[in-house]
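Visitor: Mind looking over this structure? Questions follow.
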Amino acid sequence: MTLATVKENQQWAVADVPESDVAPAILLDRVTKRFRGDETRPAVLQDVSLTVAEGEFVSLLGASGCGKSTLLSLVAGLEKPTSGTVAAPGGRAALIFQEPALFPWLTAGQNVELALKLRGVARKERRGQAEHLLDRVHLAGQHGSRVHELSGGMRQRVALARALGQEARILLMDEPFAALDAITRDVLHDELIRVWEETGLSIVFVTHNVREAVRLGQRVELMSSRPGRFVRRWTVDIDGPRRIESAGVAALASEITEDLRREIRRHAAVPRVKASS
Amino acid sequence: MSIGTLRSHGSGTTDDVASLEAGLDALDTPSRTTVPLLSRLRRSVLPPIVAVLFLLVVWLVLVALHVKPTYVLPPPSDVWATFTDYWEKGAVQEAVWNSLRRAFVGFAISVVVGTALGLLLAQSRFVRTAIGPLVSGLQSLPSVAWVPAAIIWFGLSDAAIYTVVLLGAVPSIANGLLAGVRQVPPLYLRVGRVLGARGWASIRYVVLPAAMPGYLAGLRQGWAFAWRSLMAAELITFSPELGTSLGQLLQIGRELSDMTLVMAAILMILVVGVGIELLVFAPIERQMLRSRGLTTGSAT
């Protein structure tokens, strides 16, 4: 157990965090990240350690400035840590952003095909595979659709199909549903869980929505801001189907919200001038 | 507790999700409206025809009022007569062909040079700082200013003409590409990297397609500059060996004090320049913008 402060909660948490029989997919060991020119301010991530087991679904929760997105960039290899080690024994990582970030000069299907092409899939196999991937996110027949002809939810599903096309075993999601309306988001929660169950991907899901974190994750990790650190963890153990409005989800979410608010209030007590000294 | 037992916290069957999504998709998909061809033509073709007819009427009225003597302001019919006269002699066809050929060759070389220069400017900060201002400056220098220099360097030859065309078109194309590359959203580059596009693959599959709108605007402007520069060069680089060209028709008209020929030549230059613009660049640009959802098509 490498986490700095992990308070266990009697009602929800289970003592043993995955370290047992399942191999780790992601390993962060005492990772610190500072950006150049930012040396006087608190680190974006300070001495952060995290283990994600293969096939595990982890929600990362925190207010602005807690380094959630930076953490994903580190795992995806887009950034290098200032110190500490980042390892992904689980293999390559796919990353989904808040904006679907599909390329507008390609059709929905061609966007998926580009992922296949860059992975080295032969030309004649790409079309069929892309159609199969679109079918997996219930977008069969949308291969030729232009990006701007799709709704926000459909675009995000194409992005999911494209990520699946990368054949990565790790899926990193950076507030992927934050820009969607509540109804679409609710449906995409079901969709994501279904895809996760089918594929057994290891998923790290970053969000600032407490209920979303509880609805989706097997584990919720709360982060503090400036510097970014893990402060507390909950194992989500709710029987039966989970929905955003389930009583179990609501109860755990309100408890987590208490902690999140305490973390945010802490910043009001520290004058900003002091932070730069 | 093992991971396995935690699985299955979806709230419905696969079919439930599928039908829900199908319903949402149907509700959320932006509807496409198609405007019938006839009313589209009425909207896009009618206004310019009305404008041309209006100008013709103004011209006829001025002639009828004898504002200027007819050798200064000839009626449209005289201009048309000169045009058909030169057409029958084959001079019009030869002039248009010679000028268009030079314009195409000059523009093609400009595209190659301008694209290479633009890529170099976009990729290297050093090159950008060193010659970026120079390239922008060249863009605002009227290329006719190069004609005397080009004639001194290359004599009255095609080489002199191409030099002027290139100096006119290359900066526009290079700057257009540079502007396009600089407007590529950083998110696209990150997505490209996550998908595994690095180095040349990133340029080929992400940067260049994303920069296409700026590049195409640069090409379009480059064509206008090439055509303009060519006319200036042909007008001044006057030599029988170079054959008949549109610029040369202008020069002959001036020497003969034949206003009908001058006006016929001006109109031909205008028609060819606008024609290429409308027939080549406008459709390509419209197609690209529409496929990216950057216009509302013909909805407005």
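In the structure tokens, chains take the letters A, B, ... in the order shown, each chain's residues start at 1, and ligands count up from 1 in the order shown.
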Might you pull out every residue within 10 Å of Leu260 in chain A, with only C-alpha atoms counted and same-chain residues fewer than 4 positions away left off, and present them as a PyMOL selection string?

Guide: chain A and resi 61-63+208+210+222-224+231-232+254-256+264-265

Visitor: Give me the chain A side of the contact with chain B, cut-off 8 Å, one line per residue showing its nearest atom pair and distance in Å at one decimal, counting only C-alpha atoms, sorted by chain and residue number, as CSV.

Guide:
residue,atom,partner,partner_atom,distance
A:Val14,CA,B:Met1,CA,7.9
A:Asp16,CA,B:Met1,CA,7.4
A:Pro18,CA,B:Ser2,CA,7.7
A:Gly55,CA,B:Ile3,CA,7.6
A:Glu56,CA,B:Ile3,CA,6.8
A:Ala76,CA,B:Val194,CA,7.1
A:Leu78,CA,B:Arg193,CA,7.6
A:Ala93,CA,B:Val194,CA,7.9
A:Ala94,CA,B:Val194,CA,6.5
A:Leu95,CA,B:Val194,CA,6.6
A:Ala101,CA,B:Tyr188,CA,6.6
A:Phe103,CA,B:Tyr188,CA,7.4
A:Pro104,CA,B:Arg292,CA,5.0
A:Trp105,CA,B:Arg292,CA,5.6
A:Ala115,CA,B:Leu195,CA,5.7
A:Leu118,CA,B:Gly196,CA,6.0
A:Arg119,CA,B:Gly196,CA,7.2
A:His138,CA,B:Ala18,CA,6.1
A:Arg146,CA,B:Ser291,CA,6.7
A:Val147,CA,B:Arg292,CA,7.4
A:His148,CA,B:Gly293,CA,5.3
A:Glu149,CA,B:Pro30,CA,6.0
A:Leu150,CA,B:Thr29,CA,5.6
A:Ser151,CA,B:Thr29,CA,5.2
A:Gly153,CA,B:Asp25,CA,7.9
A:Met154,CA,B:Asp25,CA,6.9
A:Gln166,CA,B:Leu195,CA,7.0
A:Thr184,CA,B:Leu24,CA,7.3
A:Val187,CA,B:Val17,CA,6.8
A:His189,CA,B:Gly10,CA,7.9
A:Asp190,CA,B:Gly10,CA,5.4
A:Glu191,CA,B:Val17,CA,6.6
A:Ile193,CA,B:Gly10,CA,5.6
A:Arg194,CA,B:Gly10,CA,6.5
A:Glu197,CA,B:Arg7,CA,6.9
A:Leu216,CA,B:His9,CA,7.8
A:Gln218,CA,B:Leu6,CA,6.9
A:Asp237,CA,B:Leu6,CA,7.4
A:Gly240,CA,B:His9,CA,6.5
A:Pro241,CA,B:His9,CA,4.6
A:Arg242,CA,B:His9,CA,5.2
A:Arg243,CA,B:Ser11,CA,6.3

Visitor: So which bits of range 23-198 of chain B end up alpha helix (DSSP H) when you DSSP the backbone, as a PyMOL selection string?

Guide: chain B and resi 23-28+37-64+76-88+91-123+125-140+147-154+158-182+186-195

Visitor: Going by DSSP on the backbone, which residues of range 179-247 of chain A come out as strand (DSSP E)? List them as a list of chain:residue names.

Guide: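 For range 179-247 of chain A, the strand (DSSP E) set is A:Ser202, A:Ile203, A:Val204, A:Phe205, A:Val206, A:Thr207, A:Arg219, A:Val220, A:Glu221, A:Leu222, A:Met223, A:Ser224, A:Arg229, A:Phe230, A:Val231, A:Arg232, A:Arg233, A:Trp234, A:Thr235.
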
Visitor: Which value, in Å to one decimal, gives the distance between CA of Pro69 in chain B and CA of Leu246 in chain B?

Guide: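 Separation between CA of Pro69 in chain B and CA of Leu246 in chain B: 25.7 Å.
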
Visitor: Between CA of Pro100 in chain A and CA of Arg162 in chain A, what is the spacing in Å?

Guide: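 Result for CA of Arg162 in chain A versus CA of Pro100 in chain A: 10.3 Å, one decimal.
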
Visitor: Hey, can you check how far CA of Leu171 in chain A sits from CA of Val184 in chain B?

Guide: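 Rounded to one decimal, the two atoms are 25.4 Å apart.
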
Visitor: Using only C-alpha atoms, can you tell me which of B:Ala233, B:Val45, B:Ser257, B:Leu65 comes closest to Gly155 in chain B?

Guide: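 Comparing B:Ala233, B:Val45, B:Ser257, B:Leu65 against Gly155 in chain B, the winner is B:Ala233.
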
Visitor: Hey, what's within 8 Å of Ile96 in chain A if we count only C-alpha atoms and toss same-chain stuff fewer than 3 positions away? As a compact mmCIF listing (two decimals) with C-alpha atoms, in the first residue's frame, please?

Guide:
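Result file result14.txt:
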# COMPACT_ATOMS: atom_id res chain seq x y z
CA PRO A 100 -14.75 13.92 -29.11
CA ALA A 159 -14.38 8.27 -30.38
CA LEU A 160 -14.94 5.15 -28.23
CA ALA A 163 -10.15 4.00 -29.10
CA LEU A 171 -8.65 3.11 -21.68
CA LEU A 172 -8.07 6.56 -20.21
CA MET A 173 -11.04 8.90 -20.22
CA ASP A 174 -10.74 12.60 -19.46
CA PRO A 176 -15.58 12.29 -21.65

Visitor: Find the residues near range 130-136 of chain B: any atom within 8 Å, counting only C-alpha atoms, skip ones fewer than 4 places away on the same chain, and give them as number ranges by chain.

Guide: B: 121, 126, 140, 171, 175

Visitor: Please provide as an mmCIF file with C-alpha atoms, in the first residue's frame all residues within 8 Å of Leu45 in chain A, with the sequence filter that same-chain residues fewer than 2 positions apart are discarded (counting only C-alpha atoms).

Guide:
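File written: result_1.cif
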data_model
loop_
_atom_site.group_PDB
_atom_site.id
_atom_site.type_symbol
_atom_site.label_atom_id
_atom_site.label_comp_id
_atom_site.auth_asym_id
_atom_site.auth_seq_id
_atom_site.Cartn_x
_atom_site.Cartn_y
_atom_site.Cartn_z
ATOM 1 C CA VAL A 31 5.340 10.491 -9.367
ATOM 2 C CA THR A 32 5.900 14.237 -9.226
ATOM 3 C CA LYS A 33 5.145 16.478 -12.161
ATOM 4 C CA ARG A 34 6.057 20.134 -12.530
ATOM 5 C CA ALA A 43 3.653 20.760 -8.175
ATOM 6 C CA ASP A 47 4.490 12.203 -4.899
ATOM 7 C CA VAL A 48 1.552 10.340 -6.351
ATOM 8 C CA CYS A 66 -5.764 18.498 -9.028
ATOM 9 C CA GLY A 67 -3.739 17.197 -11.953
ATOM 10 C CA THR A 70 -1.943 15.526 -16.300
ATOM 11 C CA LEU A 71 -2.003 12.100 -14.707
ATOM 12 C CA ARG A 226 -2.243 22.249 -5.665
ATOM 13 C CA PRO A 227 -0.373 20.034 -5.261
ATOM 14 C CA GLY A 228 -2.297 17.118 -6.736
ATOM 15 C CA ARG A 229 -2.346 14.148 -4.365
#

Visitor: Could you list, as a list in words, every residue within 6 Å of range 111-116 of chain B, counting only C-alpha atoms and ignoring same-chain residues fewer than 4 positions away?

Guide: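 Listing them by chain and then by number gives Val170, Ile173 and Ala174 of chain B.
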